[in-house]
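The structure file run-v4.cif is reproduced below (mmCIF, C-alpha atoms).
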data_query
#
loop_
_atom_site.label_atom_id
_atom_site.label_comp_id
_atom_site.auth_asym_id
_atom_site.auth_seq_id
_atom_site.Cartn_x
_atom_site.Cartn_y
_atom_site.Cartn_z
CA MET T 259 16.52 -19.76 -54.06
CA ASN T 260 15.91 -16.94 -51.59
CA GLU T 261 17.52 -17.09 -48.16
CA PRO T 262 15.00 -17.41 -45.33
CA ARG T 263 14.29 -14.07 -43.72
CA GLN T 264 15.45 -13.25 -40.22
CA ILE T 265 12.70 -11.60 -38.20
CA PRO T 266 13.51 -9.71 -35.00
CA ILE T 267 11.64 -10.22 -31.77
CA ALA T 268 11.16 -6.70 -30.44
CA VAL T 269 9.95 -5.27 -27.16
CA PRO T 270 6.32 -4.13 -27.60
CA GLU T 271 4.87 -0.87 -26.33
CA LEU T 272 4.07 -1.57 -22.69
CA GLY T 273 3.23 1.88 -21.38
CA SER T 274 6.10 1.86 -18.92
CA ALA T 275 9.58 3.31 -18.99
CA ALA T 276 10.91 0.67 -16.60
CA ILE T 277 11.00 -2.50 -18.68
CA ARG T 278 13.25 -5.36 -17.67
CA PHE T 279 13.83 -8.72 -19.26
CA SER T 280 12.52 -11.56 -17.11
CA LEU T 281 13.17 -14.92 -18.79
CA TRP T 282 13.21 -16.95 -21.97
CA HIS T 283 10.70 -19.72 -22.53
CA VAL T 284 12.61 -21.18 -25.48
CA GLU T 285 16.18 -22.16 -26.32
CA VAL T 286 18.23 -21.19 -29.36
CA GLY T 287 17.57 -23.74 -32.10
CA GLU T 288 14.02 -24.46 -31.02
CA HIS T 289 11.30 -24.34 -33.64
CA LEU T 290 8.56 -21.79 -33.01
CA THR T 291 5.09 -21.27 -34.37
CA GLU T 292 3.85 -17.73 -34.84
CA GLY T 293 2.17 -16.62 -31.62
CA ASP T 294 4.10 -19.00 -29.37
CA ARG T 295 5.14 -17.56 -26.04
CA VAL T 296 8.90 -17.02 -26.28
CA ALA T 297 9.89 -14.63 -23.51
CA GLU T 298 8.63 -12.73 -20.51
CA LEU T 299 9.16 -9.06 -19.75
CA LEU T 300 8.69 -7.29 -16.46
CA ILE T 301 7.34 -3.84 -15.70
CA PRO T 302 6.48 -2.61 -12.21
CA GLY T 303 3.54 -4.69 -11.09
CA ALA T 304 3.16 -6.88 -14.17
CA ILE T 305 4.75 -9.54 -16.29
CA VAL T 306 4.01 -9.57 -20.00
CA ASP T 307 4.55 -12.41 -22.45
CA VAL T 308 6.23 -11.82 -25.79
CA SER T 309 5.03 -13.91 -28.71
CA ALA T 310 6.94 -15.25 -31.68
CA PRO T 311 6.46 -12.83 -34.60
CA THR T 312 6.63 -15.61 -37.17
CA SER T 313 7.07 -19.34 -37.52
CA GLY T 314 10.65 -20.48 -37.70
CA THR T 315 13.70 -21.22 -35.61
CA LEU T 316 15.06 -19.07 -32.81
CA ILE T 317 18.64 -18.35 -33.82
CA ASP T 318 19.70 -15.68 -31.34
CA ARG T 319 18.84 -14.48 -27.86
CA MET T 320 20.11 -10.99 -27.13
CA ALA T 321 18.64 -10.32 -23.68
CA HIS T 322 19.41 -11.74 -20.29
CA PRO T 323 17.36 -11.77 -17.08
CA ASP T 324 17.18 -8.35 -15.42
CA ASP T 325 18.50 -6.48 -18.48
CA PRO T 326 16.86 -3.05 -18.78
CA LEU T 327 15.05 -2.75 -22.11
CA ALA T 328 13.59 -0.05 -24.31
CA VAL T 329 10.48 -0.20 -26.47
CA HIS T 330 11.19 -1.74 -29.89
CA GLN T 331 14.57 -3.04 -28.73
CA VAL T 332 15.40 -6.35 -30.37
CA ILE T 333 15.75 -9.23 -27.90
CA GLY T 334 15.98 -12.16 -30.30
CA ILE T 335 15.96 -13.30 -33.92
CA VAL T 336 13.77 -15.88 -35.60
CA ARG T 337 14.78 -17.40 -38.94
CA GLU T 338 11.62 -17.93 -40.92
CA ASP T 339 10.64 -21.33 -42.23
CA TYR T 340 11.18 -21.91 -45.95
CA MET K 189 -32.22 1.29 -29.83
CA ALA K 190 -32.50 4.84 -30.98
CA GLY K 191 -32.33 5.96 -27.37
CA ARG K 192 -29.11 4.09 -26.92
CA ALA K 193 -27.61 5.64 -30.02
CA LYS K 194 -28.69 9.05 -28.81
CA LEU K 195 -27.12 8.41 -25.43
CA ILE K 196 -23.82 7.47 -27.01
CA SER K 197 -23.89 10.39 -29.40
CA ARG K 198 -23.98 12.73 -26.40
CA ARG K 199 -20.62 11.44 -25.20
CA SER K 200 -17.84 13.82 -24.38
CA PRO K 201 -15.66 15.14 -27.20
CA VAL K 202 -13.12 12.85 -28.75
CA LEU K 203 -10.37 11.93 -26.36
CA GLY K 204 -6.78 12.10 -27.42
CA PRO K 205 -4.68 9.05 -28.20
CA LEU K 206 -3.99 6.87 -25.23
CA ARG K 207 -0.44 7.52 -24.11
CA PRO K 208 1.12 6.31 -20.90
CA PRO K 209 1.55 9.21 -18.49
CA GLU K 210 5.17 10.02 -17.82
CA GLY K 211 5.41 12.24 -14.77
CA PRO K 212 3.71 11.82 -11.38
CA ALA K 213 1.38 14.74 -12.14
CA GLU K 214 0.31 13.24 -15.46
CA ARG K 215 -0.10 9.85 -13.84
CA SER K 216 -2.31 11.39 -11.20
CA ARG K 217 -4.47 13.07 -13.83
CA ALA K 218 -4.67 9.86 -15.82
CA SER K 219 -5.83 7.97 -12.78
CA LEU K 220 -8.79 10.29 -12.49
CA ARG K 221 -10.10 9.40 -15.94
CA PRO K 222 -11.77 6.00 -15.95
CA ALA K 223 -10.95 3.74 -18.83
CA ASP K 224 -14.64 3.48 -19.64
CA GLU K 225 -14.51 7.04 -20.96
CA VAL K 226 -11.84 5.82 -23.33
CA MET K 227 -13.93 2.74 -24.07
CA ARG K 228 -16.96 4.76 -25.11
CA HIS K 229 -14.79 6.55 -27.62
CA VAL K 230 -13.18 3.33 -28.79
CA ARG K 231 -16.48 1.55 -29.25
CA ALA K 232 -17.96 4.42 -31.20
CA GLU K 233 -14.91 4.30 -33.45
CA ASP K 234 -15.35 0.58 -33.94
CA ARG K 235 -18.90 1.19 -35.08
CA GLY K 236 -17.57 3.38 -37.84
CA SER K 237 -19.26 6.50 -36.53
CA THR K 238 -18.01 10.03 -37.00
CA GLU K 239 -18.65 13.15 -35.01
CA ASN K 240 -20.30 14.85 -37.99
CA ALA K 241 -22.43 12.01 -39.23
CA PRO K 242 -26.11 12.85 -39.66
CA PRO K 243 -28.36 11.81 -36.79
CA GLY K 244 -29.70 8.33 -37.25
CA GLU K 245 -26.84 7.26 -39.51
CA ALA K 246 -23.97 7.41 -37.08
CA PHE K 247 -24.69 4.12 -35.33
CA PRO K 248 -26.13 0.79 -36.31
CA ASP K 249 -29.47 -0.20 -34.80
CA TYR K 250 -27.99 -2.86 -32.57
CA VAL K 251 -25.12 -2.21 -30.20
CA PRO K 252 -23.86 -5.39 -28.58
CA ALA K 253 -23.30 -4.98 -24.87
CA ARG K 254 -19.90 -5.75 -23.41
CA GLY K 255 -20.36 -8.17 -20.57
CA LEU K 256 -18.37 -8.71 -17.42
CA THR K 257 -18.86 -12.03 -15.65
CA ALA K 258 -18.03 -11.83 -11.96
CA TYR K 259 -17.32 -14.92 -9.89
CA LEU K 260 -17.83 -14.02 -6.25
CA LEU K 261 -16.31 -17.07 -4.64
CA GLY K 262 -15.19 -18.06 -1.18
CA ARG K 263 -11.78 -19.41 -0.21
CA LEU K 264 -9.91 -20.80 -3.19
CA ASP K 265 -6.64 -22.69 -2.96
CA PHE K 266 -4.07 -21.70 -5.56
CA GLU K 267 -4.46 -24.82 -7.66
CA THR K 268 -8.20 -24.25 -8.02
CA LEU K 269 -7.66 -20.57 -8.69
CA ASN K 270 -5.04 -21.28 -11.34
CA ALA K 271 -7.31 -23.77 -13.10
CA LEU K 272 -10.24 -21.35 -13.11
CA GLN K 273 -8.09 -18.44 -14.14
CA ARG K 274 -6.50 -20.38 -17.03
CA ARG K 275 -9.95 -21.36 -18.24
CA LEU K 276 -11.25 -17.80 -18.12
CA ILE K 277 -8.13 -16.42 -19.82
CA TYR K 278 -8.66 -18.96 -22.59
CA GLU K 279 -12.30 -17.94 -22.96
CA VAL K 280 -11.58 -14.21 -22.95
CA SER K 281 -8.69 -14.62 -25.41
CA GLY K 282 -11.22 -16.07 -27.87
CA ASP K 283 -13.97 -13.52 -27.17
CA ARG K 284 -12.06 -10.37 -26.45
CA ASP K 285 -15.05 -8.10 -25.86
CA ARG K 286 -16.08 -9.99 -22.77
CA GLY K 287 -14.38 -9.88 -19.41
CA ALA K 288 -14.35 -11.84 -16.19
CA VAL K 289 -13.30 -11.22 -12.64
CA ILE K 290 -12.61 -13.65 -9.84
CA VAL K 291 -13.21 -12.32 -6.34
CA CYS K 292 -12.13 -14.66 -3.57
CA ASP K 293 -9.67 -15.12 -0.76
CA HIS K 294 -6.88 -17.61 -0.28
CA PRO K 295 -5.76 -20.00 2.44
CA VAL K 296 -2.90 -18.78 4.59
CA GLY K 297 0.36 -18.76 2.70
CA ILE K 298 2.97 -16.64 1.01
CA THR K 299 3.30 -15.99 -2.70
CA ILE K 300 6.38 -14.46 -4.25
CA GLY K 301 5.98 -12.71 -7.60
CA ARG K 302 8.72 -11.87 -10.08
CA GLU K 303 9.65 -8.72 -8.15
CA GLY K 304 9.80 -10.49 -4.82
CA SER K 305 12.55 -12.27 -2.95
CA ALA K 306 12.86 -14.98 -0.34
CA ALA K 307 14.70 -12.34 1.68
CA HIS K 308 11.34 -10.66 2.30
CA VAL K 309 10.21 -13.65 4.35
CA ARG K 310 11.71 -13.47 7.84
CA PRO K 311 10.74 -16.86 9.38
CA SER K 312 12.98 -19.82 8.60
CA ALA K 313 11.72 -22.76 6.56
CA GLU K 314 11.16 -24.70 9.80
CA GLN K 315 9.17 -21.87 11.35
CA LEU K 316 7.09 -21.54 8.20
CA ALA K 317 6.37 -25.26 8.27
CA LEU K 318 5.33 -25.07 11.93
CA ARG K 319 2.99 -22.18 11.18
CA GLY K 320 1.58 -23.92 8.11
CA TRP K 321 2.58 -21.10 5.77
CA PRO K 322 3.47 -22.61 2.38
CA VAL K 323 5.60 -20.45 0.09
CA ARG K 324 4.83 -20.38 -3.64
CA TRP K 325 6.76 -18.68 -6.41
CA VAL K 326 4.12 -17.48 -8.82
CA ALA K 327 4.31 -16.15 -12.37
CA ARG K 328 2.94 -12.67 -11.79
CA GLY K 329 4.31 -9.19 -11.37
CA GLY K 330 4.63 -7.60 -7.98
CA GLY K 331 6.56 -8.83 -5.01
CA THR K 332 6.01 -10.94 -1.94
CA MET K 333 2.51 -11.18 -0.45
CA LEU K 334 1.21 -12.80 2.71
CA HIS K 335 -2.28 -14.26 2.26
CA LEU K 336 -4.52 -14.30 5.30
CA PRO K 337 -8.22 -14.58 6.09
CA GLY K 338 -9.74 -11.11 5.98
CA GLN K 339 -8.34 -10.18 2.58
CA VAL K 340 -10.29 -9.79 -0.64
CA THR K 341 -8.56 -10.67 -3.88
CA CYS K 342 -9.83 -9.30 -7.17
CA TYR K 343 -8.44 -10.84 -10.36
CA PRO K 344 -9.79 -9.15 -13.51
CA ILE K 345 -9.43 -11.08 -16.75
CA VAL K 346 -9.74 -8.70 -19.67
CA ALA K 347 -8.22 -8.37 -23.13
CA LEU K 348 -6.02 -5.28 -23.20
CA ASP K 349 -6.33 -4.78 -26.96
CA ALA K 350 -10.13 -4.65 -26.67
CA LEU K 351 -9.75 -1.95 -24.03
CA ARG K 352 -6.90 -0.30 -25.94
CA LEU K 353 -4.77 -0.26 -22.85
CA THR K 354 -1.09 -0.95 -22.46
CA ALA K 355 0.12 -3.16 -19.65
CA GLY K 356 1.43 -0.15 -17.75
CA ARG K 357 -1.83 1.72 -18.13
CA PHE K 358 -3.76 -1.31 -16.92
CA VAL K 359 -1.69 -1.40 -13.73
CA GLN K 360 -2.37 2.32 -13.26
CA GLU K 361 -6.09 1.72 -13.75
CA LEU K 362 -6.03 -0.97 -11.07
CA LEU K 363 -4.28 1.43 -8.72
CA ALA K 364 -6.86 4.12 -9.49
CA LEU K 365 -9.64 1.62 -8.89
CA ALA K 366 -8.14 0.77 -5.50
CA VAL K 367 -7.86 4.48 -4.64
CA ASP K 368 -11.56 4.88 -5.55
CA LEU K 369 -12.46 1.93 -3.34
CA LEU K 370 -10.54 3.32 -0.38
CA GLY K 371 -12.20 6.69 -0.95
CA GLU K 372 -15.59 5.06 -0.41
CA PHE K 373 -14.39 4.09 3.05
CA GLY K 374 -13.25 7.59 3.87
CA LEU K 375 -9.57 6.98 3.14
CA THR K 376 -7.14 8.79 0.89
CA GLY K 377 -4.97 6.20 -0.79
CA THR K 378 -1.58 7.01 -2.24
CA PRO K 379 -0.67 4.86 -5.23
CA ASP K 380 2.87 3.54 -5.36
CA TYR K 381 3.93 3.32 -9.02
CA GLU K 382 7.40 1.92 -8.36
CA ARG K 383 6.18 -1.10 -6.40
CA PRO K 384 2.52 -1.08 -7.38
CA GLY K 385 0.14 -0.96 -4.48
CA VAL K 386 -1.73 1.65 -2.51
CA ARG K 387 -0.70 3.12 0.83
CA VAL K 388 -2.72 4.72 3.56
CA ALA K 389 -0.88 6.66 6.23
CA GLY K 390 2.41 5.39 4.86
CA ARG K 391 1.56 1.70 5.08
CA ARG K 392 0.52 -0.53 2.23
CA LEU K 393 -3.11 -1.59 2.21
CA VAL K 394 -3.49 -2.85 -1.37
CA HIS K 395 -1.09 -5.10 -3.27
CA VAL K 396 -1.03 -5.27 -7.08
CA GLY K 397 0.54 -8.03 -9.14
CA VAL K 398 -0.56 -8.82 -12.69
CA ALA K 399 0.31 -11.38 -15.37
CA ILE K 400 -0.51 -10.71 -19.03
CA ARG K 401 -0.61 -13.65 -21.39
CA ARG K 402 -1.69 -13.40 -25.03
CA GLY K 403 -2.77 -9.87 -24.19
CA VAL K 404 -5.18 -11.06 -21.50
CA THR K 405 -4.73 -10.11 -17.88
CA GLY K 406 -4.57 -12.44 -14.92
CA PHE K 407 -4.06 -12.02 -11.18
CA GLY K 408 -4.67 -8.44 -10.00
CA LEU K 409 -5.07 -6.83 -6.62
CA ILE K 410 -5.45 -7.84 -2.99
CA VAL K 411 -7.15 -5.62 -0.42
CA ASN K 412 -6.59 -6.07 3.30
CA VAL K 413 -10.08 -5.71 4.70
CA ASP K 414 -9.80 -6.97 8.25
CA PRO K 415 -6.96 -9.51 8.55
CA ASP K 416 -4.87 -10.01 11.67
CA LEU K 417 -2.06 -7.51 11.08
CA ALA K 418 0.54 -9.01 13.42
CA PRO K 419 1.82 -11.61 10.89
CA PHE K 420 2.77 -8.79 8.51
CA TRP K 421 5.73 -8.02 10.76
CA ASP K 422 7.20 -11.32 9.57
CA VAL K 423 6.77 -10.77 5.82
CA ARG K 424 7.96 -7.64 4.03
CA CYS K 425 5.13 -7.45 1.49
CA ASP K 426 6.41 -6.03 -1.79
CA GLY K 427 9.73 -5.45 -0.02
CA ASP K 428 8.28 -2.72 2.15
CA PRO K 429 9.88 -2.56 5.61
CA MET K 430 6.62 -1.36 7.21
CA PRO K 431 3.93 -3.97 7.81
CA MET K 432 0.72 -3.70 5.85
CA THR K 433 -2.39 -2.11 7.29
CA SER K 434 -6.08 -2.76 6.69
CA LEU K 435 -9.36 -1.04 5.91
CA ALA K 436 -10.73 -2.00 9.32
CA ARG K 437 -7.77 -0.37 11.05
CA GLU K 438 -7.72 2.83 9.03
CA SER K 439 -11.31 3.50 8.03
CA PRO K 440 -13.65 5.56 10.21
CA HIS K 441 -16.56 3.61 8.72
CA ARG K 442 -17.86 0.13 9.33
CA VAL K 443 -16.10 -2.22 6.92
CA ARG K 444 -17.66 -5.43 5.68
CA ARG K 445 -15.96 -7.86 3.32
CA THR K 446 -19.15 -8.42 1.35
CA THR K 447 -19.39 -4.70 0.66
CA VAL K 448 -15.77 -4.55 -0.45
CA ARG K 449 -16.28 -7.52 -2.78
CA GLN K 450 -19.38 -6.03 -4.34
CA ARG K 451 -17.92 -2.56 -4.76
CA LEU K 452 -14.74 -3.94 -6.32
CA VAL K 453 -16.78 -5.65 -9.01
CA GLU K 454 -18.96 -2.61 -9.65
CA LEU K 455 -16.00 -0.23 -9.78
CA LEU K 456 -14.22 -2.58 -12.15
CA ALA K 457 -17.21 -2.82 -14.50
CA HIS K 458 -17.55 0.96 -14.50
CA ARG K 459 -13.85 1.68 -14.96
CA PHE K 460 -13.44 -0.67 -17.91
CA GLY K 461 -16.72 0.23 -19.58
CA PHE K 462 -18.65 -3.02 -19.26
CA ASP K 463 -22.36 -2.45 -19.95
CA ARG K 464 -23.62 -5.68 -18.47
CA LEU K 465 -22.63 -7.44 -15.26
CA SER K 466 -23.44 -11.05 -14.45
CA VAL K 467 -22.61 -12.36 -11.00
CA PHE K 468 -22.06 -16.01 -10.13
CA HIS K 469 -21.41 -17.52 -6.74
CA ASN K 470 -20.06 -20.86 -7.81
CA ASP K 471 -16.86 -22.02 -9.45
CA PRO K 472 -18.01 -23.06 -12.94
CA ALA K 473 -15.45 -25.85 -13.22
CA PRO K 474 -17.33 -28.63 -11.38
CA LEU K 475 -20.57 -27.92 -13.24
CA SER K 476 -21.13 -29.02 -16.79
CA GLN K 477 -23.46 -26.12 -17.52
CA SER K 478 -22.79 -23.67 -14.76
CA ARG K 479 -24.66 -20.85 -16.45
CA HIS K 480 -27.88 -22.78 -16.04
CA HIS K 481 -27.38 -23.16 -12.32
CA ALA K 482 -26.99 -19.55 -11.29
CA LEU K 483 -29.07 -16.48 -11.68
CA PRO K 484 -27.30 -13.54 -13.26
CA HIS K 485 -27.85 -10.16 -11.68
CA GLY K 486 -28.47 -7.87 -14.61
CA SER K 487 -27.44 -4.25 -14.36
#
Structure encoded using structure tokens:
Amino acid sequence: MNEPRQIPIAVPELGSAAIRFSLWHVEVGEHLTEGDRVAELLIPGAIVDVSAPTSGTLIDRMAHPDDPLAVHQVIGIVREDY
Amino acid sequence: MAGRAKLISRRSPVLGPLRPPEGPAERSRASLRPADEVMRHVRAEDRGSTENAPPGEAFPDYVPARGLTAYLLGRLDFETLNALQRRLIYEVSGDRDRGAVIVCDHPVGITIGREGSAAHVRPSAEQLALRGWPVRWVARGGGTMLHLPGQVTCYPIVALDALRLTAGRFVQELLALAVDLLGEFGLTGTPDYERPGVRVAGRRLVHVGVAIRRGVTGFGLIVNVDPDLAPFWDVRCDGDPMPMTSLARESPHRVRRTTVRQRLVELLAHRFGFDRLSVFHNDPAPLSQSRHHALPHGS
């Protein structure tokens, strides 16, 4: 049987060079549905929600509040449902 | 219909891909190009047209208009605003070609966005209570803001993917819109890209703070039209040590809030390429069929 895939949660293109991590909406181990709001990023003047890329379980959180981020940087990992 | 197609086919040459400007000079140039120019190009693309298509075949007969619904409301407390805004975000997220904007003002109070700090509020908790200034931490970008009578708030609710804008570009468009507004009152506004807002004569006059959920914008900008400016010595709005100023203080022209409200909506519709504007003067929440109770102003 195939192992469930691990899908990264990456920083989307936001049109700003000054991206910071704001907060997590979910804990490690929580089950997510694709499209769920999982985290919040901050650029000057705006907050932007990040959605779950797939349905599964959040198994890692790699960013902390106020961390500077780059576009496409991975901030978390979701293990897909079987 | 043919006339409409002809009008669109005379649009300016294809614009380049939308990239966020990097330097101040590029940002300045970008702010001069309204997003509706981009939108015309985007919409033509969506119709499957090409520059070299034979006349009469480039566009379908019917081009659906993109509509902006403007709610020109009076004083809204934050709970009412949040409920209305959530509802409109939900509606726009399901119909991404439409847009909405809430124009209102708020009761006296302080809001602190994600870039703000309690350190920007000088009065103690007791003094704030005596003055009747509640403090709210709100989920939006931007910093601390003091809300007073005499301000106009403008909260556009649009889907960024439908406009093909990034979050950063949307903030820049709001700043450019505010600069355009100030220009109509004879003022030269200087956008602040680090702590988004617009300054006149070195003092902030416009505050910008946005929240983007499911790709749909919420909150937006606040313009000081003619508030009492003395209280701004007690709150460092957006962390700025200088108190905010107002249109009434800086402009050589007569400034009326109704004019500012109307022009904000019109500038917004133009900048984001909305063909049709409907204006309502009531909060739709208490009415079961609010659209039947108000007359839209077609444009």
Check: Hey, what comes out of the PyMOL selection byres ((chain T) within 9 of (chain K)) on this file? Could you write it as a list in words?
Finding: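 So the PyMOL selection byres ((chain T) within 9 of (chain K)) ends up selecting Glu271, Leu272, Gly273, Ser274, Ala275, Ser280, Gly293, Arg295, Leu300, Ile301, Pro302, Gly303, Ala304, Ile305, Val306, Asp307, Val308 and Ser309 of chain T.
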Next item on the list: Fewer than 6 positions away in the same chain doesn't count, so skip those; otherwise give me all residues within 12 Å of Asp294 of chain T, counting all atoms listed in the file, as a PyMOL selection string.
Entry: (chain T and resi 267+282-284+288+307-316+336) or (chain K and resi 401-402)
Item checked: Length of the atom CA of Met432 of chain K to atom CA of Leu318 of chain K vector [Å] -> 22.7 Å
Next item on the list: Go through T:Gly287, T:Pro262, T:Gly334, T:Pro270 one by one, measure the shortest atom-to-atom distance of each to Ala321 of chain T using only C-alpha atoms, and give the residue with the smallest value.
Entry: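 The shortest atom-to-atom distance to Ala321 of chain T comes from T:Gly334.
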Check: In Å to one decimal, how far is atom CA of Trp325 of chain K from atom CA of Phe460 of chain K?
Finding: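 Between atom CA of Phe460 of chain K and atom CA of Trp325 of chain K the gap works out to 29.4 Å.
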If the PyMOL selection byres ((chain T and resi 263) around 6) is run on the structure shown, which residues does it catch, given as a PDB file with C-alpha atoms, keeping the file's coordinate frame?
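New file out.pdb:
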ATOM      1  CA  PRO T 262      15.000 -17.410 -45.330  1.00  0.00           C
ATOM      2  CA  GLN T 264      15.450 -13.250 -40.220  1.00  0.00           C
ATOM      3  CA  ARG T 337      14.780 -17.400 -38.940  1.00  0.00           C
ATOM      4  CA  GLU T 338      11.620 -17.930 -40.920  1.00  0.00           C
TER       5      GLU T 338
END
Evaluate the PyMOL selection byres ((chain K and resi 291) around 9) and record the selected residues as a compact mmCIF listing (two decimals) with C-alpha atoms, in the frame of the given file, following the chain and residue labels used in the document.
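The file below, result.txt, is the result:
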# COMPACT_ATOMS: atom_id res chain seq x y z
CA ALA K 258 -18.03 -11.83 -11.96
CA TYR K 259 -17.32 -14.92 -9.89
CA LEU K 260 -17.83 -14.02 -6.25
CA LEU K 261 -16.31 -17.07 -4.64
CA GLY K 262 -15.19 -18.06 -1.18
CA VAL K 289 -13.30 -11.22 -12.64
CA ILE K 290 -12.61 -13.65 -9.84
CA CYS K 292 -12.13 -14.66 -3.57
CA ASP K 293 -9.67 -15.12 -0.76
CA VAL K 340 -10.29 -9.79 -0.64
CA THR K 341 -8.56 -10.67 -3.88
CA CYS K 342 -9.83 -9.30 -7.17
CA TYR K 343 -8.44 -10.84 -10.36
CA PRO K 344 -9.79 -9.15 -13.51
CA ARG K 449 -16.28 -7.52 -2.78
CA LEU K 452 -14.74 -3.94 -6.32
CA VAL K 453 -16.78 -5.65 -9.01
Note to self: I'd like the interatomic distance between atom CA of Leu417 of chain K and atom CA of Gly377 of chain K, to a tenth of an Å.
What the structure shows: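 Separation of atom CA of Leu417 of chain K and atom CA of Gly377 of chain K: 18.4 Å.
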Checklist line | Residue neighbourhood Ala268 of chain T, 8 Å, all atoms listed in the file, exclusion window fewer than 2 positions, as a list of chain:residue names | finding: T:Pro266, T:Pro270, T:Val329, T:His330, T:Gln331, T:Val332, T:Ile333, T:Gly334
Note to self: Which residue is closest to Ile410 of chain K? Choose from K:Leu256, K:Ala364, K:Val394, K:Val280 and count all atoms listed in the file.
What the structure shows: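 Among the listed residues, K:Val394 lies closest to Ile410 of chain K.
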